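Just below is one structure, and these are the notes that go with it.
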Amino acid sequence: ATVSVLYCTLTMMLTTITLFVTTALGIDQKHINGDSWVSEPPKVKKKPTIPLWTDLPPRERGPPPYVPPSDWVYNTTGGPVEGKINVHLVPHTHDDTGWQVTVDQYFYTEVYYVIDTVITRLFDDPNRKFMYVEVGFFARWWDQQPEKKKDMARTVVKNGQLEFVNGGWCMHDEASPYYVEMIDQTTRGHQFLKKNFGIDAMPKGTWQIDPFGHSNTNAWLIGAESGMNYQFWGRMDYQDFAMRANHSGLEWIWQGSQSLGKSAQIFAGQLYGHGRGGYSTWFNFNNNGPQVQDDPSRHDYNVDDVVDQFVQNARQQSASYKTDHQIWACGSDFNYQNAEHWYHNLDKIIHYINKNGSVNAFYSTPTFYVEQKKKANVSWEVRQDDIFPLADDAHHYWSGYFTSRPSLKRQVHVASNFLNAARQMEVIEKVNTSQINNPTVRPSPPVGPSWTDSLEGSIGVATHHDGMSGTERQDVSDDYELRISESHGEVEEGVALTFKKMLQMNNNTKLYHCNCNSMGADDCLNITMCGATTQTSHFTVAAWNPLGRSSTQWFHIPVTGSNWKVSNENPTAIMSQITEIDNRTLSLPLLYLNSFNMTAEQVAQKKAMMSNKATHILSFEAHLPPLGYQLFNATRVEVTPKRTTHRDEGIVTNIKESGTGRFNVSSSLYDVEFDNSVGTTSRIYNKQTKRSTPLSIQIGWYNSSVGGCTHDPAVSVQNSCDKQQSGAYIFRSNTSKVFYPGEDQIPTLKVVEGPLFTEVYQRFSEWATIMYRIYNQSESVEVEWTVGPIPIDTPWIPRVTKGPNNWGKEVIIRYSTGLASSGTFYTDSNGREMVKRRYNQRGPSYPKLVVNEPVAGNYYPVNAMISINETKDEFAVLTDVSQGGASLADGQIELMVHRRLQADDSRGVREPLNETMCGCNDINASPGKMGAHGHEGDGGCVCEGLTMRGKHILLFGDINKVRTNRRQFLEELNFPATLAFTNASFIPSPTAPAQKTFLSAAFPPQIKLLTLTNNYADINDGKLLLRVAHLYSVGEGPMSVPVDVNFSEIFHKSGLVITSMEETQLTAFQSQTKTDEQKFDWKTHDPTGGKVLQQLREHQPFEKRFAFNAQTFTVTVRPMEVRTFLVTVQ
């Protein structure tokens, strides 16, 4: 900020003025104090175009150019004026639901006062406007208000003064969530608004100003299919921004869906900020800085300068946008805590700007602004490309957060699947909140009465763009995880009660879930810990299938002992396989130990208590009915010297010597060849197509940059250096070299062979391992990876400083095939459509790209899968957690699975991404102080680094076959059965059978049962919310066609017979018919000479929505389409 001061002597008249527009940057907190967002630089004051009144000698001044109204009431009326530049002043705040402090800390220290004072100031003047996004905060404020204040809020909403935009529980991230989480958190916010304000509060657009990239799915699904007509943001790639700003191209029509085409278009725009993006504008009045001074009898009169600067800025901005309308986002992070600061000054600006008459200014909202754009009746650029990855400068690629905090990303996704299963069970058995004895201690502000409500809110707030993105401080990440775990416990009890009711169990029967929500590693199936199945001779597994079709899934359950058998209601037992737990897995629970101030004896005692009491894993294949349950009984078999093993007993695996050469592991579809001489896979052969490809799988790591030069032959020397460090947001490697995870050696292989599947254990080092599981009768290869604790020091590499090699490490798994992929690969968009990517390129609507970071600049978010292909064959990798991914060479796919860094990237977090298993911070650092690794400490932390375990599923073969199979495998991988365990005996009966489906027919294989909940029934006249989705997009083979769904045939069992259905838009705010009537139809053109049109026509979209038949309850669902209904059942 600059202050222009004319110093004077005692004999001179003081002519000092404070230059209004050069102060108070008004940019979000991620941009200040060196945390520079290059696309929003500090403002530079323009040279005045008029003599400023206070600069003139007193005798030459004459009357002041502007004087206050005699009654000091400013004229804030106004609206568009044809023929003038129309400046839409849009007051707003951006309130992070967690970032540097937790969501509740932000609320009671800042956000409460934003909402509270804004409501009052709006009520004072009916011309004033405000827009708000984060309903999770608004709901907290609402719950604490007297009825009088609520009535004020209802009034300003009804008057159109307070407009909710987005309207979700938070402003969600667009790179990390699955589409399910995005829909859920948006629906929750919308239903709160519907409940308390009705249709007046329905959001008309999205306002994604702070996320660090933007997905096609958010535009077409969360935007257009929710009935919204626009989306604005504050960040885009700096090269793209520069090209567009020079050609009036910062707004366009985003046709993001290949499958739905024009029917899911949305108006999209980059905010101008004060010249190069961002989500503030040319001025800021948030605190007690310079104000608009219009009283000529007082010092610092500056209103003439304010008006002159305003006019100049408006004229500058008009060159980057079509039509004579432009939007100024008046606010930033946590602004308007004293709303009078802002409104008093904005009132003056509107009054004097319109007195001047050079341009026109008025209070507005994004919705009114877009309506004026529509009325202009001009043709807009059409675009399909997404905005990933974005960079704010040559070496500043925001692609690190695609992987940051992988454990939180996984927890959100796992909890989301559990939530949807619990909702289904609640609808069917009608267990209510009054029966739950384990309510959430710190619940989310309620929207509905369900016992799933708080978990829904906890997940919703964690989808925030500084939540599961991994870009928050460690204690805030801990808070998200704690909230989810607490609410998870409440829902686990609800699920247990539902199972008991379904199975007519005694209420005293204990059911366990082993969902990793207990202290440390207790009861965590992911690392084979489950007290209910260990140290017992019998247990029953109840498995709930949330899918609307039958499902075949493998269960791997920890047990004690090597002789078990599994059965269900059929006389014939289920084939099972028993495998001894490997040492790597047995070591994982011990990593949770915080040994600060503990003696060696205490450490030993604690480890003995924390150790896994299971010895083996019992594995069997489960065939589950659609939307229903199946019971399985597991019994330990006593072994005597005279007994022989029967066929129905679990067969123990054999450890087979892998030898020194090559060996094959086969399934019904694949032969996978391993090579001991290189310690990894060497080839995969598809028996169906009779084609093979070389296949090498390696774990490695990039060295995280701490600033300096990028050493890569692809980067010119003059452009290789920059101070940018790799951090929670930014990924920057020192070089494109991938280092071995430890001291260089050939990985070891161990084969464990069984009758149902074979496992191959690959060990790169003590902290980097893979277990390949190849089922005899499967069309996939399972890769279970375990990475961590990633060491801070790097002693196996010669030291480059006097101290230890404390190198940040970005850990990847690289799959190298022989496919000639020609630099092309595909990544999913939030689990929906696949997006075509090209190495060192962007889509056709981008300018020619200059990539100065050849690794980070080619990374994209991968939520579900990434693939490459060549002519007839495709190789696809499916993942169970969102990760960053790339293809940096022909035939290669790599996924970043974990990160541990030693520097901060100067984007506002102000601590390195250096997670531990205990959730605590730097070793021996006192609370609030920086520790040895530059990490703020909690005090008393001696704990191992975060260790992650996850799965990749590999598919290789005919393109159409792989594309058909990958969607089905994804359903089992990401939406598995919900399990409960009991040691009590259970005897099936006709009214409580061991297997049951609650559907009268399965959904078609292309259709996913997405949502079934009663949480919003009180808001919707007692109706349930039912939502389905087409799994396939156009171009994905024979399944990519519209599908008929007959709900009356599917839901026709007692208790779940549909008696009425009403179709709504995505979030059940209003009818689909009304939404279609309100949809804007835009004129478009392609300024690239046909390149974008060619992209849009690569596949033939289904642009006409098939009408729902409310008499027969039938609908035809287009590829990728999501349909939402309010239904009654009996």
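Labels for the structure tokens follow display order: chains A, B, ..., residues from 1 in each chain, ligands from 1.
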
Find the nearest atom pair between each residue of range 335-435 of chain A and range 147-166 of chain A for residues within 12 Å, count only C-alpha atoms, give distances in Å to one decimal, sort rows by chain and ascending number, and present the table as a Markdown table.
```
| residue | atom | partner | partner_atom | distance |
| --- | --- | --- | --- | --- |
| A:Tyr363 | CA | A:Gln161 | CA | 9.3 |
| A:Ser364 | CA | A:Gln161 | CA | 8.7 |
| A:Thr365 | CA | A:Glu163 | CA | 7.2 |
| A:Pro366 | CA | A:Val165 | CA | 8.2 |
| A:Thr367 | CA | A:Val165 | CA | 8.6 |
| A:Phe368 | CA | A:Gly160 | CA | 10.1 |
```

Output file for the selection above: all heavy atoms, as a tab-separated table (two decimals), in the first residue's frame:
```
chain	number	residue	atom	x	y	z
A	363	TYR	N	-25.51	-1.29	-6.87
A	363	TYR	CA	-25.45	-2.56	-6.16
A	363	TYR	C	-26.04	-3.65	-7.05
A	363	TYR	O	-27.08	-3.45	-7.72
A	363	TYR	CB	-26.25	-2.49	-4.87
A	363	TYR	CG	-25.54	-1.78	-3.73
A	363	TYR	CD1	-26.08	-0.62	-3.18
A	363	TYR	CD2	-24.35	-2.27	-3.21
A	363	TYR	CE1	-25.46	0.03	-2.12
A	363	TYR	CE2	-23.72	-1.63	-2.16
A	363	TYR	CZ	-24.27	-0.48	-1.62
A	363	TYR	OH	-23.64	0.15	-0.58
A	364	SER	N	-25.43	-4.82	-7.01
A	364	SER	CA	-25.90	-5.89	-7.88
A	364	SER	C	-25.57	-7.24	-7.26
A	364	SER	O	-24.98	-7.33	-6.17
A	364	SER	CB	-25.27	-5.75	-9.27
A	364	SER	OG	-25.84	-6.68	-10.19
A	365	THR	N	-25.95	-8.28	-7.97
A	365	THR	CA	-25.63	-9.66	-7.59
A	365	THR	C	-25.12	-10.37	-8.84
A	365	THR	O	-25.36	-9.92	-9.97
A	365	THR	CB	-26.88	-10.40	-7.07
A	365	THR	OG1	-27.83	-10.50	-8.13
A	365	THR	CG2	-27.48	-9.68	-5.88
A	366	PRO	N	-24.44	-11.50	-8.68
A	366	PRO	CA	-23.99	-12.24	-9.87
A	366	PRO	C	-25.15	-12.64	-10.78
A	366	PRO	O	-25.01	-12.64	-12.00
A	366	PRO	CB	-23.30	-13.46	-9.28
A	366	PRO	CG	-22.88	-13.05	-7.91
A	366	PRO	CD	-23.95	-12.12	-7.43
A	367	THR	N	-26.29	-12.98	-10.19
A	367	THR	CA	-27.43	-13.40	-11.00
A	367	THR	C	-27.93	-12.26	-11.89
A	367	THR	O	-28.18	-12.45	-13.09
A	367	THR	CB	-28.57	-13.90	-10.10
A	367	THR	OG1	-28.12	-15.05	-9.38
A	367	THR	CG2	-29.79	-14.27	-10.91
A	368	PHE	N	-28.07	-11.07	-11.31
A	368	PHE	CA	-28.53	-9.93	-12.11
A	368	PHE	C	-27.50	-9.59	-13.19
A	368	PHE	O	-27.86	-9.26	-14.32
A	368	PHE	CB	-28.77	-8.73	-11.21
A	368	PHE	CG	-29.36	-7.56	-11.92
A	368	PHE	CD1	-30.70	-7.57	-12.32
A	368	PHE	CD2	-28.60	-6.44	-12.23
A	368	PHE	CE1	-31.26	-6.49	-12.99
A	368	PHE	CE2	-29.14	-5.36	-12.90
A	368	PHE	CZ	-30.48	-5.39	-13.29
```

*asked:* I'd like the neighbourhood of Ser550 in chain A as a list in words, where a residue qualifies if any of its atoms comes within 9 Å (using only C-alpha atoms), though same-chain residues fewer than 4 positions away should be ignored.
replied: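 Once the nearby chain positions are removed, what remains is Asn545, His623, Leu624, Pro625, Pro626, Leu627, Gly628 and Ala1002 of chain A.
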
_All alpha helix (DSSP H) residues (DSSP, backbone) inside range 138-366 of chain A, as a ChimeraX atom specification_ = /A:138-143,147-158,179-197,216-217,238-245,303-318,339-356,366

Could I get the residues of range 854-901 of chain A with an atom no further than 12 Å from an atom of range 197-219 of chain A, each paired with its nearest atom pair and that distance in Å to one decimal, using only C-alpha atoms, sorted by chain and residue number, as a tab-separated table?
```
residue	atom	partner	partner_atom	distance
A:Tyr860	CA	A:Gly213	CA	10.0
A:Pro861	CA	A:Ser215	CA	9.4
A:Val862	CA	A:Ser215	CA	11.4
A:Asn863	CA	A:Ser215	CA	11.4
```

_Atom pair CA of Ser882 in chain A / CA of Ser176 in chain A: separation (Å)_ = 5.6 Å

*DSSP on the backbone: what in range 481-531 of chain A comes out strand (DSSP E or B), as a VMD selection string?*
chain A and resid 512 515 524 529

Output N, CA and C atoms for every residue in that selection, as a tab-separated table (two decimals), in the first residue's frame.
```tsv
chain	number	residue	atom	x	y	z
A	512	TYR	N	-20.04	-54.95	15.68
A	512	TYR	CA	-18.82	-54.16	15.51
A	512	TYR	C	-18.62	-53.88	14.02
A	515	ASN	N	-14.18	-49.88	11.35
A	515	ASN	CA	-14.10	-48.85	10.31
A	515	ASN	C	-12.99	-47.84	10.54
A	524	CYS	N	-9.43	-51.66	12.66
A	524	CYS	CA	-9.22	-51.02	11.36
A	524	CYS	C	-8.92	-52.10	10.33
A	529	MET	N	-6.93	-55.16	11.40
A	529	MET	CA	-7.18	-55.10	12.83
A	529	MET	C	-8.70	-55.11	13.05
```

*Which residues, written as number ranges by chain, have at least one atom at most 12 Å from Val359 in chain A, with only C-alpha atoms counted and residues fewer than 6 positions away on the same chain left out?*
A: 79-88, 307-315, 318, 324-326, 349-353

*Could you state the separation of CA of Val1115 in chain A and CA of Thr1073 in chain A in Å, given to one decimal place?*
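A separation of 14.1 Å between them.
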
*Å distance separating CA of Ser379 in chain A from CA of Tyr321 in chain A, one decimal place*: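 Going from CA of Ser379 in chain A over to CA of Tyr321 in chain A covers 12.6 Å.
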
*Find the spatial neighbours of Val111 in chain A, counting only C-alpha atoms, within a cut-off of 9 Å - ignore same-chain residues fewer than 2 positions away - and output them as a ChimeraX atom specification.*
/A:95,106-109,113-116,137-138,141,334-337

Would you put the residues from that selection into a file with N, CA and C atoms, as a PDB file, in the first residue's frame?
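Final output, saved to out.pdb:
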```pdb
ATOM      1  N   ASP A  95     -15.551 -17.043   3.067  1.00  0.00           N
ATOM      2  CA  ASP A  95     -15.369 -17.589   4.411  1.00  0.00           C
ATOM      3  C   ASP A  95     -14.972 -19.061   4.334  1.00  0.00           C
ATOM      4  N   TYR A 106     -13.205 -20.162  13.199  1.00  0.00           N
ATOM      5  CA  TYR A 106     -13.518 -19.089  12.262  1.00  0.00           C
ATOM      6  C   TYR A 106     -14.905 -18.514  12.536  1.00  0.00           C
ATOM      7  N   PHE A 107     -15.843 -19.394  12.858  1.00  0.00           N
ATOM      8  CA  PHE A 107     -17.217 -18.914  13.049  1.00  0.00           C
ATOM      9  C   PHE A 107     -17.318 -17.961  14.230  1.00  0.00           C
ATOM     10  N   TYR A 108     -16.830 -18.381  15.397  1.00  0.00           N
ATOM     11  CA  TYR A 108     -17.106 -17.551  16.567  1.00  0.00           C
ATOM     12  C   TYR A 108     -16.172 -16.353  16.679  1.00  0.00           C
ATOM     13  N   THR A 109     -15.064 -16.344  15.929  1.00  0.00           N
ATOM     14  CA  THR A 109     -14.184 -15.169  15.968  1.00  0.00           C
ATOM     15  C   THR A 109     -14.417 -14.202  14.812  1.00  0.00           C
ATOM     16  N   TYR A 113     -19.889 -12.401  12.964  1.00  0.00           N
ATOM     17  CA  TYR A 113     -20.055 -10.945  12.858  1.00  0.00           C
ATOM     18  C   TYR A 113     -20.244 -10.499  11.414  1.00  0.00           C
ATOM     19  N   VAL A 114     -19.714 -11.271  10.471  1.00  0.00           N
ATOM     20  CA  VAL A 114     -19.972 -10.973   9.065  1.00  0.00           C
ATOM     21  C   VAL A 114     -21.466 -11.060   8.792  1.00  0.00           C
ATOM     22  N   ILE A 115     -22.044 -12.206   9.063  1.00  0.00           N
ATOM     23  CA  ILE A 115     -23.463 -12.422   8.749  1.00  0.00           C
ATOM     24  C   ILE A 115     -24.343 -11.489   9.567  1.00  0.00           C
ATOM     25  N   ASP A 116     -24.010 -11.364  10.842  1.00  0.00           N
ATOM     26  CA  ASP A 116     -24.862 -10.587  11.738  1.00  0.00           C
ATOM     27  C   ASP A 116     -24.919  -9.118  11.322  1.00  0.00           C
ATOM     28  N   PHE A 137     -21.703 -22.231   7.503  1.00  0.00           N
ATOM     29  CA  PHE A 137     -21.541 -21.118   8.431  1.00  0.00           C
ATOM     30  C   PHE A 137     -22.885 -20.443   8.715  1.00  0.00           C
ATOM     31  N   PHE A 138     -23.647 -20.199   7.664  1.00  0.00           N
ATOM     32  CA  PHE A 138     -24.925 -19.512   7.849  1.00  0.00           C
ATOM     33  C   PHE A 138     -25.828 -20.301   8.803  1.00  0.00           C
ATOM     34  N   TRP A 141     -24.897 -19.596  12.338  1.00  0.00           N
ATOM     35  CA  TRP A 141     -25.431 -18.289  12.748  1.00  0.00           C
ATOM     36  C   TRP A 141     -26.941 -18.374  12.984  1.00  0.00           C
ATOM     37  N   PHE A 334     -13.251 -13.211   4.810  1.00  0.00           N
ATOM     38  CA  PHE A 334     -13.787 -12.810   6.110  1.00  0.00           C
ATOM     39  C   PHE A 334     -14.030 -11.300   6.194  1.00  0.00           C
ATOM     40  N   ASN A 335     -14.373 -10.693   5.074  1.00  0.00           N
ATOM     41  CA  ASN A 335     -14.707  -9.271   5.056  1.00  0.00           C
ATOM     42  C   ASN A 335     -16.126  -9.052   5.570  1.00  0.00           C
ATOM     43  N   TYR A 336     -16.422  -7.798   5.910  1.00  0.00           N
ATOM     44  CA  TYR A 336     -17.738  -7.349   6.376  1.00  0.00           C
ATOM     45  C   TYR A 336     -18.018  -7.757   7.817  1.00  0.00           C
ATOM     46  N   GLN A 337     -16.963  -7.947   8.630  1.00  0.00           N
ATOM     47  CA  GLN A 337     -17.222  -8.206  10.048  1.00  0.00           C
ATOM     48  C   GLN A 337     -17.814  -6.967  10.721  1.00  0.00           C
TER      49      GLN A 337
END
```

*Nearest to His395 in chain A among A:Phe981, A:Tyr859, A:Phe731, A:Phe267, with distances taken over only C-alpha atoms: which residue is it?*
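Checking each of A:Phe981, A:Tyr859, A:Phe731, A:Phe267 against His395 in chain A, counting only C-alpha atoms, the winner is A:Phe731.
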
_With only C-alpha atoms as the counted atoms, please give the residues lying no more than 12 Å from Thr452 in chain A, apart from itself and same-chain residues fewer than 2 positions off, as number ranges by chain._
A: 188, 415-416, 418-427, 431-433, 436, 438-440, 443-444, 446-450, 454-459, 484, 486-495, 1013-1016

*With only C-alpha atoms as the basis for distance, which of A:Tyr775, A:Phe1069, A:Phe1080, A:Phe1102 is at the shortest distance from Gln372 in chain A?*
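Closest to Gln372 in chain A of all the choices is A:Phe1080.
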
Residues of range 689-807 of chain A that have any atom at most 9 Å from an atom of range 954-957 of chain A: could you tabulate them with the shortest-distance atom pair and the distance in Å to one decimal, using only C-alpha atoms, ordered by chain and increasing number, as a tab-separated table?
```
residue	atom	partner	partner_atom	distance
A:Thr689	CA	A:Gly957	CA	6.7
A:Arg691	CA	A:Gly957	CA	7.6
A:Ser692	CA	A:Gly957	CA	8.4
A:Thr693	CA	A:Phe956	CA	8.9
A:Glu779	CA	A:Leu955	CA	7.3
A:Ser780	CA	A:Leu955	CA	5.3
A:Val781	CA	A:Leu954	CA	5.0
A:Glu782	CA	A:Leu954	CA	6.4
A:Val783	CA	A:Leu954	CA	7.5
```

Go ahead and save the residues from that selection, with N, CA and C atoms, as a short mmCIF file (atom, residue, chain, number, x, y, z; two decimals), in the first residue's frame.
```
data_model
loop_
_atom_site.label_atom_id
_atom_site.label_comp_id
_atom_site.auth_asym_id
_atom_site.auth_seq_id
_atom_site.Cartn_x
_atom_site.Cartn_y
_atom_site.Cartn_z
N THR A 689 -7.72 -61.58 -25.81
CA THR A 689 -7.29 -60.91 -27.06
C THR A 689 -6.04 -61.53 -27.65
N ARG A 691 -3.10 -60.76 -26.80
CA ARG A 691 -2.10 -59.71 -26.96
C ARG A 691 -1.49 -59.41 -25.59
N SER A 692 -0.26 -58.97 -25.63
CA SER A 692 0.46 -58.68 -24.39
C SER A 692 1.20 -57.36 -24.52
N THR A 693 1.68 -56.89 -23.39
CA THR A 693 2.52 -55.69 -23.39
C THR A 693 3.52 -55.81 -22.25
N GLU A 779 -11.00 -60.48 -13.76
CA GLU A 779 -10.53 -59.81 -14.96
C GLU A 779 -9.77 -58.55 -14.61
N SER A 780 -9.10 -58.58 -13.47
CA SER A 780 -8.29 -57.44 -13.04
C SER A 780 -7.10 -57.94 -12.25
N VAL A 781 -6.16 -57.03 -12.01
CA VAL A 781 -5.00 -57.29 -11.15
C VAL A 781 -5.06 -56.26 -10.03
N GLU A 782 -5.02 -56.72 -8.79
CA GLU A 782 -5.10 -55.83 -7.63
C GLU A 782 -3.69 -55.50 -7.15
N VAL A 783 -3.44 -54.21 -6.97
CA VAL A 783 -2.14 -53.72 -6.48
C VAL A 783 -2.39 -53.00 -5.16
#
```
